[in-house]
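This report concerns only the one structure given below.
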Amino acid sequence: MALRFDNTYSNLPAAFFTALRPVPVASPSLIKFNDSLAQILGVSADDFVDIAATFSGNSLPKGASPLAQLYAGHQFGHWTPQLGDGRAILLGEIIGVDGKRRDLQLKGSGPTPYSRSADGRAWLGPVLREYLVSEAMYALGIPTTRALAAVKTSEPVYRETGALPGAILTRVASSHLRVGTFQIFAARGDVANLKRLTEYAISRHYPEVDGPLGLLCAVCQEQAKLIAQWMAVGFIHGVMNTDNCTISGETIDYGPCAFMDVYHPDTVYSSIDHFGRYAYSNQPKVILWNLAQFGSALIQQFENPKTEVEKANEIISEMTQQIKNEQNRLFMRKIGITDGDAKDIQLVTQLLEMMTESKVDFTNTFVDLTDGTEVKSFADPTAFAQWSEAWKLRLKKQANPTKVMQAANPYYIPRNHRIEEVIVAALQDDFQPFKRLLRVLGRPFEHHPEDTDLRAPPKPHEVVSATFCGT
């Protein structure tokens with residue numbers, strides 16, 4: 001069976017993209033193929049004559065319509081009037097066995113007209129990071145793009161540190177439509193194509209909504225739920241630019257992302273986030289700002305945009321409470337409560353305040369509470385004991401609190417130091433640590449006695465204080 005392409009984006013006007021093929025590489029070799037995702041797409045590894053050639057772009061699958069998408073965006077709050085796929089090629093759209101439409105994209109497939117003098121390639125480290133983190137997010141139940149394949153190119157990629165092994169990731173997404181895709185047409189005053197894009201996005205993602213403001217409302221709701229889910233697992237995106245904000249509500253672009261080890265609301269890992277714009281605690285604020293830019297772009301297609309400003313602002317302002325409500329719901333579940341009220345929210349707040357003061361591990365603290373393990377790491381044991389007593393008293397009124405917590409608190413996350421270990425090993429052509437970590441991250445809520453070391457926080461010499469963009 002072959003990939004079932006049914007391309008719609010390539011049927012849009014030429015202003016939306018540049019049609020071009022991936023640049024071939026010398027001698028591609030497969031690192032990993034995602035068999036479970038392939039099953040959803042209706043294929044298997046055996047369906048490809050040369051799987052490495054296919055997922056390096058050397059041999060295009062039948063029905064592909066390769067192109068690089070055009071978009072713009074605000075990067076760290078600064079407007080960039082033209083971005084686009086500078087190192088990615090959208091091969092086309094696949095209809096899976098579940099009837100859903102998904103994009104198939106190659107990352108690191110060579111330069112495009114939007115590369116801005118860059119080489120359009122990716123090196124091995126960021127490809128492995130995105131594969132691991134995106135699949136971990138999927139297993140955690142968080143909307144995300146996914147990884148179908150990772151391929152070594154056998155060609156060097158040159159960065160500041162010198163020559164590094166090249167690689168290509170095959171990414172699968174509900175679509176690659178971004179806030180920035182709308183911004184570029186709005187900024188250019190291209191109302192005709194802005195309308196076409198709006199109609200296309202509605203048809204593809206939200207056929208039940210009516211018009212531009214209906215689309216805005218739907219995207220706000222999906223992004224509100226997504227950000228709350230990030231917060232509940234301690235995930236920090238690191239580069240929440242508008243070109244990295246999807247219309248579908250999926251997490252996209254795992255560059256300088258990270259999961260927190262020690263809990264602190266102001267945590268920043270991204271090496272390029274010098275002022276903490278995209279810190280953990282700022283993510284709910286940033287998504288409002290991003291969606292305000294989305295609303296501003298959408299209303300440009302009305303005959304009198306000024307009359308729609310108030311309606312758009314009202315939709316966006318509702319996001320604050322939507323995120324807060326969803327975040328409260330998820331965090332209450334992390335302490336075993338499903339029918340909470342203001343007093344229960346206060347329990348969560350008190351716990352997080354103690355966690356901040358005591359510099360405890362975010363993930364393992366909640367796992368210890370779930371498992372009933374004695375927690376000894378709080379700086380003020382008396383304060384924690386008082387909190388614990390009130391919490392346990394509250395749980396007596398809750399049905400199946402342990403089951404609730406087990407479903408909310410993963411044992412395993414893709415910890416930064418473990419990803420670094422994977423990359424170091426891969427540079428020596430050892431992919432066993434990658435495959436082991438991937439296997440465990442695929443079942444994050446299960447206890448794996450033989451893999452307990454992957455739960456451990458980093459030792460002082462293992463701490464990763466900064467993560468880097470994949471370009």
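By order of appearance in the structure tokens: chains A, B, ..., then residues from 1 within every chain, and ligands from 1 in the order shown.
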Find the residues near stretch 144-155 of chain A: any atom within 8 Å, counting only C-alpha atoms, skip ones fewer than 3 places away on the same chain, and give them as number ranges by chain.
-> A: 25-35, 37-38, 52, 55-56, 124, 127-128, 130-131, 134-135, 137-138, 165-174, 250-252
Dump of N, CA, C and O atoms for the selected residues, as a compact mmCIF listing (two decimals), in the first residue's frame:
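Result file result.txt:
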# COMPACT_ATOMS: atom_id res chain seq x y z
N VAL A 25 20.42 14.23 -1.15
CA VAL A 25 21.61 14.07 -0.31
C VAL A 25 22.38 12.85 -0.81
O VAL A 25 21.88 12.04 -1.58
N ALA A 26 23.63 12.75 -0.37
CA ALA A 26 24.56 11.78 -0.96
C ALA A 26 24.19 10.33 -0.69
O ALA A 26 24.01 9.54 -1.62
N SER A 27 24.05 9.99 0.60
CA SER A 27 23.85 8.58 0.93
C SER A 27 23.01 8.46 2.18
O SER A 27 23.52 8.19 3.27
N PRO A 28 21.68 8.64 2.08
CA PRO A 28 20.83 8.63 3.27
C PRO A 28 20.72 7.24 3.90
O PRO A 28 20.76 6.22 3.21
N SER A 29 20.58 7.23 5.22
CA SER A 29 20.38 5.98 5.94
C SER A 29 19.35 6.21 7.05
O SER A 29 19.34 7.27 7.69
N LEU A 30 18.50 5.24 7.25
CA LEU A 30 17.40 5.38 8.20
C LEU A 30 17.89 5.24 9.64
O LEU A 30 18.63 4.30 9.97
N ILE A 31 17.47 6.18 10.49
CA ILE A 31 17.71 6.09 11.93
C ILE A 31 16.52 5.41 12.60
O ILE A 31 16.68 4.47 13.37
N LYS A 32 15.32 5.91 12.29
CA LYS A 32 14.13 5.39 12.96
C LYS A 32 12.90 5.66 12.09
O LYS A 32 12.76 6.74 11.52
N PHE A 33 12.03 4.67 12.02
CA PHE A 33 10.74 4.80 11.34
C PHE A 33 9.66 4.54 12.37
O PHE A 33 9.73 3.56 13.12
N ASN A 34 8.65 5.40 12.43
CA ASN A 34 7.59 5.32 13.43
C ASN A 34 6.47 4.40 12.94
O ASN A 34 5.53 4.83 12.27
N ASP A 35 6.59 3.14 13.29
CA ASP A 35 5.64 2.15 12.78
C ASP A 35 4.21 2.42 13.24
O ASP A 35 3.26 2.22 12.47
N LEU A 37 2.74 5.29 14.01
CA LEU A 37 2.18 6.41 13.26
C LEU A 37 1.92 6.01 11.82
O LEU A 37 0.90 6.39 11.23
N ALA A 38 2.82 5.23 11.26
CA ALA A 38 2.64 4.77 9.88
C ALA A 38 1.35 3.98 9.72
O ALA A 38 0.65 4.10 8.71
N ALA A 52 14.86 5.07 3.20
CA ALA A 52 15.74 6.20 3.47
C ALA A 52 15.70 7.21 2.33
O ALA A 52 15.71 8.42 2.55
N PHE A 55 12.36 9.23 2.64
CA PHE A 55 12.24 10.20 3.72
C PHE A 55 13.47 11.10 3.87
O PHE A 55 13.62 11.80 4.87
N SER A 56 14.31 11.08 2.85
CA SER A 56 15.34 12.10 2.72
C SER A 56 14.99 13.08 1.61
O SER A 56 15.62 14.12 1.46
N LEU A 124 21.99 16.51 13.24
CA LEU A 124 21.43 15.35 13.90
C LEU A 124 20.78 15.65 15.24
O LEU A 124 19.70 15.14 15.56
N VAL A 127 17.18 17.07 15.24
CA VAL A 127 16.26 16.07 14.67
C VAL A 127 15.89 15.04 15.72
O VAL A 127 14.71 14.68 15.88
N LEU A 128 16.88 14.55 16.46
CA LEU A 128 16.59 13.58 17.51
C LEU A 128 15.77 14.21 18.63
O LEU A 128 14.88 13.58 19.19
N GLU A 130 13.59 16.73 18.40
CA GLU A 130 12.20 16.89 17.99
C GLU A 130 11.48 15.55 17.92
O GLU A 130 10.31 15.45 18.29
N TYR A 131 12.17 14.52 17.46
CA TYR A 131 11.56 13.20 17.40
C TYR A 131 11.14 12.78 18.81
O TYR A 131 9.99 12.38 19.05
N SER A 134 8.42 15.44 20.53
CA SER A 134 7.08 15.43 19.91
C SER A 134 6.37 14.11 20.19
O SER A 134 5.16 14.10 20.48
N GLU A 135 7.08 12.99 20.16
CA GLU A 135 6.45 11.71 20.46
C GLU A 135 6.11 11.60 21.94
O GLU A 135 5.11 10.98 22.32
N MET A 137 5.21 14.17 23.80
CA MET A 137 4.02 15.00 23.95
C MET A 137 2.77 14.23 23.50
O MET A 137 1.72 14.29 24.15
N TYR A 138 2.90 13.50 22.42
CA TYR A 138 1.77 12.70 21.93
C TYR A 138 1.35 11.68 22.98
O TYR A 138 0.16 11.50 23.27
N PRO A 165 27.01 16.05 11.84
CA PRO A 165 26.31 15.15 10.92
C PRO A 165 24.92 15.67 10.57
O PRO A 165 24.17 16.11 11.44
N GLY A 166 24.58 15.62 9.30
CA GLY A 166 23.28 16.09 8.85
C GLY A 166 22.20 15.05 9.02
O GLY A 166 22.46 13.84 9.05
N ALA A 167 20.96 15.51 9.14
CA ALA A 167 19.82 14.61 9.29
C ALA A 167 18.56 15.30 8.79
O ALA A 167 18.51 16.53 8.65
N ILE A 168 17.53 14.52 8.52
CA ILE A 168 16.24 15.03 8.05
C ILE A 168 15.14 14.35 8.87
O ILE A 168 15.16 13.14 9.08
N LEU A 169 14.19 15.16 9.33
CA LEU A 169 13.04 14.66 10.08
C LEU A 169 11.80 14.72 9.19
O LEU A 169 11.58 15.72 8.50
N THR A 170 11.00 13.68 9.20
CA THR A 170 9.70 13.73 8.54
C THR A 170 8.66 14.05 9.60
O THR A 170 8.46 13.28 10.54
N ARG A 171 8.03 15.20 9.45
CA ARG A 171 7.06 15.67 10.44
C ARG A 171 5.64 15.53 9.90
O ARG A 171 5.36 15.84 8.74
N VAL A 172 4.75 15.09 10.77
CA VAL A 172 3.34 14.93 10.43
C VAL A 172 2.53 15.90 11.29
O VAL A 172 2.73 15.98 12.50
N ALA A 173 1.62 16.65 10.67
CA ALA A 173 0.82 17.65 11.39
C ALA A 173 -0.57 17.71 10.80
O ALA A 173 -0.79 17.36 9.63
N SER A 174 -1.53 18.16 11.63
CA SER A 174 -2.89 18.37 11.11
C SER A 174 -2.86 19.38 9.97
O SER A 174 -3.62 19.27 9.01
N GLU A 250 -2.09 22.57 17.68
CA GLU A 250 -1.03 21.60 17.94
C GLU A 250 0.26 22.31 18.33
O GLU A 250 0.55 23.41 17.85
N THR A 251 1.06 21.66 19.17
CA THR A 251 2.40 22.13 19.47
C THR A 251 3.27 21.90 18.24
O THR A 251 3.25 20.83 17.65
N ILE A 252 4.05 22.92 17.89
CA ILE A 252 4.90 22.81 16.70
C ILE A 252 6.25 23.46 16.97
O ILE A 252 6.36 24.38 17.78
I want to know what sits within 8 Å of A:Ala19, based on only C-alpha atoms, with residues of the same chain fewer than 5 positions away left out; could you give that as a CSV table (one decimal) with all heavy atoms, in the first residue's frame?
chain,number,residue,atom,x,y,z
A,65,SER,N,3.3,16.6,-3.9
A,65,SER,CA,3.3,17.9,-4.6
A,65,SER,C,4.1,18.8,-3.7
A,65,SER,O,3.6,19.7,-3.0
A,65,SER,CB,1.8,18.4,-4.7
A,65,SER,OG,1.8,19.6,-5.4
A,66,PRO,N,5.4,18.7,-3.8
A,66,PRO,CA,6.3,19.4,-2.9
A,66,PRO,C,6.3,20.9,-3.0
A,66,PRO,O,6.3,21.4,-4.1
A,66,PRO,CB,7.7,18.8,-3.2
A,66,PRO,CG,7.6,18.3,-4.6
A,66,PRO,CD,6.2,17.8,-4.8
A,67,LEU,N,6.4,21.5,-1.9
A,67,LEU,CA,6.4,23.0,-1.9
A,67,LEU,C,6.9,23.5,-0.5
A,67,LEU,O,6.9,22.8,0.5
A,67,LEU,CB,4.9,23.5,-2.1
A,67,LEU,CG,3.8,23.1,-1.2
A,67,LEU,CD1,3.7,24.0,0.1
A,67,LEU,CD2,2.5,23.0,-1.9
A,68,ALA,N,7.3,24.8,-0.5
A,68,ALA,CA,7.7,25.5,0.7
A,68,ALA,C,6.7,26.6,0.9
A,68,ALA,O,6.3,27.4,0.1
A,68,ALA,CB,9.1,26.1,0.5
Please identify all polymer residues within 12 Å of A:Ile202, counting only C-alpha atoms, omitting same-chain residues fewer than 6 positions from it, and present them as a ChimeraX atom specification.
-> /A:177,195-196,208-219,247-248
Counting only C-alpha atoms, what is within 10 Å of A:Tyr200, bar same-chain residues fewer than 4 positions away, as number ranges by chain?
-> A: 8-9, 12, 177, 194-196, 204-207
Selection file, all heavy atoms, as an mmCIF file, in the first residue's frame:
data_model
loop_
_atom_site.group_PDB
_atom_site.id
_atom_site.type_symbol
_atom_site.label_atom_id
_atom_site.label_comp_id
_atom_site.auth_asym_id
_atom_site.auth_seq_id
_atom_site.Cartn_x
_atom_site.Cartn_y
_atom_site.Cartn_z
ATOM 1 N N THR A 8 -4.484 19.585 -1.060
ATOM 2 C CA THR A 8 -5.369 20.737 -1.221
ATOM 3 C C THR A 8 -4.603 22.059 -1.142
ATOM 4 O O THR A 8 -4.959 23.015 -1.825
ATOM 5 C CB THR A 8 -6.471 20.734 -0.146
ATOM 6 O OG1 THR A 8 -5.870 20.766 1.158
ATOM 7 C CG2 THR A 8 -7.351 19.505 -0.272
ATOM 8 N N TYR A 9 -3.557 22.106 -0.300
ATOM 9 C CA TYR A 9 -2.829 23.366 -0.153
ATOM 10 C C TYR A 9 -2.153 23.777 -1.460
ATOM 11 O O TYR A 9 -2.119 24.960 -1.810
ATOM 12 C CB TYR A 9 -1.779 23.242 0.961
ATOM 13 C CG TYR A 9 -1.289 24.579 1.464
ATOM 14 C CD1 TYR A 9 -1.978 25.267 2.454
ATOM 15 C CD2 TYR A 9 -0.153 25.178 0.927
ATOM 16 C CE1 TYR A 9 -1.554 26.496 2.903
ATOM 17 C CE2 TYR A 9 0.291 26.412 1.372
ATOM 18 C CZ TYR A 9 -0.415 27.072 2.362
ATOM 19 O OH TYR A 9 0.017 28.306 2.803
ATOM 20 N N LEU A 12 -4.071 26.039 -3.791
ATOM 21 C CA LEU A 12 -4.267 27.454 -3.499
ATOM 22 C C LEU A 12 -3.444 28.295 -4.471
ATOM 23 O O LEU A 12 -2.554 27.777 -5.151
ATOM 24 C CB LEU A 12 -3.864 27.747 -2.049
ATOM 25 C CG LEU A 12 -4.773 27.133 -0.976
ATOM 26 C CD1 LEU A 12 -4.134 27.271 0.407
ATOM 27 C CD2 LEU A 12 -6.147 27.776 -0.998
ATOM 28 N N LEU A 177 -0.573 25.439 8.968
ATOM 29 C CA LEU A 177 -1.105 26.802 8.980
ATOM 30 C C LEU A 177 -0.765 27.456 10.317
ATOM 31 O O LEU A 177 -1.001 26.873 11.375
ATOM 32 C CB LEU A 177 -2.622 26.792 8.787
ATOM 33 C CG LEU A 177 -3.147 26.242 7.459
ATOM 34 C CD1 LEU A 177 -4.668 26.291 7.451
ATOM 35 C CD2 LEU A 177 -2.583 27.028 6.293
ATOM 36 N N LEU A 194 -6.221 36.642 1.770
ATOM 37 C CA LEU A 194 -6.548 36.495 3.183
ATOM 38 C C LEU A 194 -7.906 35.809 3.332
ATOM 39 O O LEU A 194 -8.083 34.929 4.181
ATOM 40 C CB LEU A 194 -6.559 37.861 3.869
ATOM 41 C CG LEU A 194 -6.886 37.883 5.364
ATOM 42 C CD1 LEU A 194 -5.873 37.064 6.157
ATOM 43 C CD2 LEU A 194 -6.935 39.325 5.882
ATOM 44 N N LYS A 195 -8.854 36.187 2.499
ATOM 45 C CA LYS A 195 -10.165 35.546 2.525
ATOM 46 C C LYS A 195 -10.063 34.083 2.106
ATOM 47 O O LYS A 195 -10.699 33.206 2.702
ATOM 48 C CB LYS A 195 -11.132 36.293 1.601
ATOM 49 C CG LYS A 195 -11.584 37.651 2.134
ATOM 50 C CD LYS A 195 -12.576 38.302 1.176
ATOM 51 C CE LYS A 195 -13.095 39.612 1.740
ATOM 52 N NZ LYS A 195 -14.051 40.268 0.805
ATOM 53 N N ARG A 196 -9.264 33.813 1.060
ATOM 54 C CA ARG A 196 -9.094 32.425 0.615
ATOM 55 C C ARG A 196 -8.495 31.572 1.732
ATOM 56 O O ARG A 196 -8.916 30.437 1.961
ATOM 57 C CB ARG A 196 -8.183 32.377 -0.618
ATOM 58 C CG ARG A 196 -8.805 32.911 -1.889
ATOM 59 C CD ARG A 196 -7.923 32.636 -3.100
ATOM 60 N NE ARG A 196 -8.474 33.209 -4.317
ATOM 61 C CZ ARG A 196 -8.138 34.398 -4.799
ATOM 62 N NH1 ARG A 196 -7.255 35.153 -4.151
ATOM 63 N NH2 ARG A 196 -8.687 34.848 -5.909
ATOM 64 N N ARG A 204 -10.845 23.195 6.547
ATOM 65 C CA ARG A 204 -9.940 22.106 6.927
ATOM 66 C C ARG A 204 -10.011 21.760 8.412
ATOM 67 O O ARG A 204 -9.934 20.587 8.784
ATOM 68 C CB ARG A 204 -8.509 22.475 6.542
ATOM 69 C CG ARG A 204 -7.500 21.388 6.863
ATOM 70 C CD ARG A 204 -6.251 21.509 6.061
ATOM 71 N NE ARG A 204 -5.303 20.448 6.395
ATOM 72 C CZ ARG A 204 -4.137 20.262 5.810
ATOM 73 N NH1 ARG A 204 -3.779 21.062 4.807
ATOM 74 N NH2 ARG A 204 -3.332 19.294 6.178
ATOM 75 N N HIS A 205 -10.154 22.778 9.266
ATOM 76 C CA HIS A 205 -10.042 22.543 10.704
ATOM 77 C C HIS A 205 -11.336 22.752 11.493
ATOM 78 O O HIS A 205 -11.580 22.047 12.469
ATOM 79 C CB HIS A 205 -8.955 23.436 11.300
ATOM 80 C CG HIS A 205 -7.570 23.065 10.871
ATOM 81 N ND1 HIS A 205 -6.993 21.871 11.199
ATOM 82 C CD2 HIS A 205 -6.658 23.738 10.120
ATOM 83 C CE1 HIS A 205 -5.767 21.809 10.683
ATOM 84 N NE2 HIS A 205 -5.550 22.916 10.024
ATOM 85 N N TYR A 206 -12.137 23.738 11.103
ATOM 86 C CA TYR A 206 -13.302 24.084 11.917
ATOM 87 C C TYR A 206 -14.521 24.319 11.025
ATOM 88 O O TYR A 206 -15.068 25.422 10.968
ATOM 89 C CB TYR A 206 -13.015 25.345 12.739
ATOM 90 C CG TYR A 206 -11.758 25.250 13.583
ATOM 91 C CD1 TYR A 206 -10.580 25.898 13.198
ATOM 92 C CD2 TYR A 206 -11.749 24.518 14.767
ATOM 93 C CE1 TYR A 206 -9.424 25.810 13.972
ATOM 94 C CE2 TYR A 206 -10.604 24.426 15.547
ATOM 95 C CZ TYR A 206 -9.446 25.076 15.139
ATOM 96 O OH TYR A 206 -8.310 24.985 15.923
ATOM 97 N N PRO A 207 -14.993 23.282 10.317
ATOM 98 C CA PRO A 207 -16.102 23.477 9.375
ATOM 99 C C PRO A 207 -17.404 23.897 10.040
ATOM 100 O O PRO A 207 -18.326 24.363 9.357
ATOM 101 C CB PRO A 207 -16.249 22.094 8.715
ATOM 102 C CG PRO A 207 -15.610 21.139 9.670
ATOM 103 C CD PRO A 207 -14.504 21.896 10.328
#
Which is closer to A:His78 than all the others in A:Arg277, A:Lys376, A:Lys403, A:Lys334, using only C-alpha atoms?
-> A:Arg277
Residue with smallest distance to A:Glu450 - pool A:Arg436, A:Thr356, A:Ala53, A:Thr198, counting only C-alpha atoms |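 Closest to A:Glu450 of all the choices is A:Arg436.
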Residue among A:Val309, A:Ile299, A:Ile89, A:Ile337 lying closest to A:Pro111, counting only C-alpha atoms |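 The answer is A:Ile89, which sits nearest to A:Pro111.
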What residues in stretch 129-365 of chain A get the DSSP label strand (DSSP E or B)? Please answer as a PyMOL selection string.
-> chain A and resi 144+146-159+162-173+178+235-236+246+251+258-259+262+270+361
Could you work out how far atom CA of A:Phe445 lies from atom CA of A:Tyr411, giving the answer in Å with one decimal?
->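 Between these atoms lies a distance of 5.5 Å.
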Distance criterion (only C-alpha atoms): nearest to A:Ala456 out of A:Val262, A:Ala297, A:Ala292, A:Ala383 = A:Val262
For the atom pair atom CA of A:Val268 and atom CA of A:Ile423, what is the interatomic distance in Å to one decimal place?
->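 Going from atom CA of A:Val268 over to atom CA of A:Ile423, I get 21.4 Å.
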